[in-house]
Amino acid sequence: MNSFRSIFFKNLSLINLLTILIFFIYSIIIIRYQYDGHHIGLIYSNSIDLLNGKLPYKEIFIQYGILTTIINSIILSIFDNKIFFLSFINTIFYFLGVLFISKTVNNFTNLKFSFLSTIIILFNHPIPWLPWSNYIAFFFISISFYLISLNKKNYFLIGFFLSLSILTRQDLFIPITISILIFGIIFFFSAGKIKIKNNFIFIYGFIIPKLIFLIYLFLLNIFDYWYNYLSL
């Protein structure tokens, strides 16, 4: 028993990766036979409409975030408009997100808690059923958390990926913004100082994707249509 336990914990990093891989393969097998005409159909039609040159928000009902539609449009253009690959690639996003969360926990604690976090996530949500914005946003947020956990932090990329998660699912703007403010307050009182340069780099990365998005809206003259979506 002690020998098995020793081998198990010695190879815990590999076991963690294999666990994620097994759940990924199982998910792909399951989603091959799953179809939701409403949810998957909405994602598919939005992506096809964007590829056909229709204007977002004015001619396409984009419910959550334009980046979701752009990413799914790219997937369809690469894989010859085959609807299965929307679920397949979004499944990859989800399990990469789980992997980054696991690595983040490992950086803050140890491998045991890292593996435990993987088990908790996958046993609560083993299969990403739909090619929905949640999974892509989760991927971007998990990358941000991972970057925060590193000793040498890239504040630009932390802000950049958090901003991408908002463009993927725009109703995340308020909770993410509030979380940033709370984290900033806690960090200030715990460290006793704020590094102005790092804050500006973070804000710069956080603003750039949204600024590009706003410029895009104004260039296509569809800002008012997008703004009206916010009241829905």
# chains A, B, ... in the order shown; residues from 1 in each chain; ligands from 1
call {"tool": "residues_around", "arguments": {"residues": "Ser73 of chain A", "least_positions_apart": "3", "cutoff": "10 Å", "atoms": "only C-alpha atoms", "output": "number ranges by chain"}}
result
A: 43-52, 67-70, 76-79, 81, 86
call {"tool": "select_by_dssp", "arguments": {"residues": "segment 64-217 of chain A", "states": "helix (DSSP H, G or I)", "output": "PyMOL selection string"}}
result
chain A and resi 66-78+84-108+111-124+133-149+155-168+170-191+196-217
call {"tool": "atom_distance", "arguments": {"atom1": "atom CA of Ile74 of chain A", "atom2": "atom CA of Gln170 of chain A"}}
result
19.7 Å
call {"tool": "residues_around", "arguments": {"residues": "Arg32 of chain A", "least_positions_apart": "5", "cutoff": "10 Å", "atoms": "only C-alpha atoms", "output": "list in words"}}
result
Ser27, Phe84, Phe85, Ser87 and Phe88 of chain A
call {"tool": "closest_residue", "arguments": {"among": "A:Phe115, A:Ile148, A:Gly53, A:Ile101", "to": "Leu14 of chain A", "atoms": "only C-alpha atoms"}}
result
A:Phe115
call {"tool": "atom_distance", "arguments": {"atom1": "atom CA of Thr168 of chain A", "atom2": "atom CA of Tyr64 of chain A"}}
result
6.9 Å
call {"tool": "residues_around", "arguments": {"residues": "segment 15-17 of chain A", "least_positions_apart": "4", "cutoff": "8 Å", "atoms": "only C-alpha atoms", "output": "ChimeraX atom specification"}}
result
/A:8,11,21,99,115,118
call {"tool": "closest_residue", "arguments": {"among": "A:Tyr26, A:Ile92, A:Leu164, A:Ile185", "to": "Leu211 of chain A", "atoms": "only C-alpha atoms"}}
result
A:Leu164
call {"tool": "closest_residue", "arguments": {"among": "A:Gln63, A:Asn110, A:Ser179, A:Thr91", "to": "Trp129 of chain A", "atoms": "only C-alpha atoms"}}
result
A:Thr91
call {"tool": "closest_residue", "arguments": {"among": "A:Phe173, A:Phe100, A:Tyr94, A:Phe156", "to": "Ser114 of chain A", "atoms": "only C-alpha atoms"}}
result
A:Phe100
call {"tool": "residues_around", "arguments": {"residues": "Lys152 of chain A", "least_positions_apart": "6", "cutoff": "12 Å", "atoms": "only C-alpha atoms", "output": "list in words"}}
result
Tyr146, Ile158 and Asn198 of chain A
call {"tool": "atom_distance", "arguments": {"atom1": "atom CA of Ser117 of chain A", "atom2": "atom CA of Lys10 of chain A"}}
result
17.7 Å
call {"tool": "residues_around", "arguments": {"residues": "Ser102 of chain A", "least_positions_apart": "2", "cutoff": "12 Å", "atoms": "only C-alpha atoms", "output": "PyMOL selection string"}}
result
chain A and resi 12-13+16-17+19-20+95-100+104-122+142-143+145-146+149
call {"tool": "residues_around", "arguments": {"residues": "Tyr229 of chain A", "least_positions_apart": "6", "cutoff": "9 Å", "atoms": "only C-alpha atoms", "output": "MDAnalysis selection string"}}
result
chainID A and resid 57 61:63
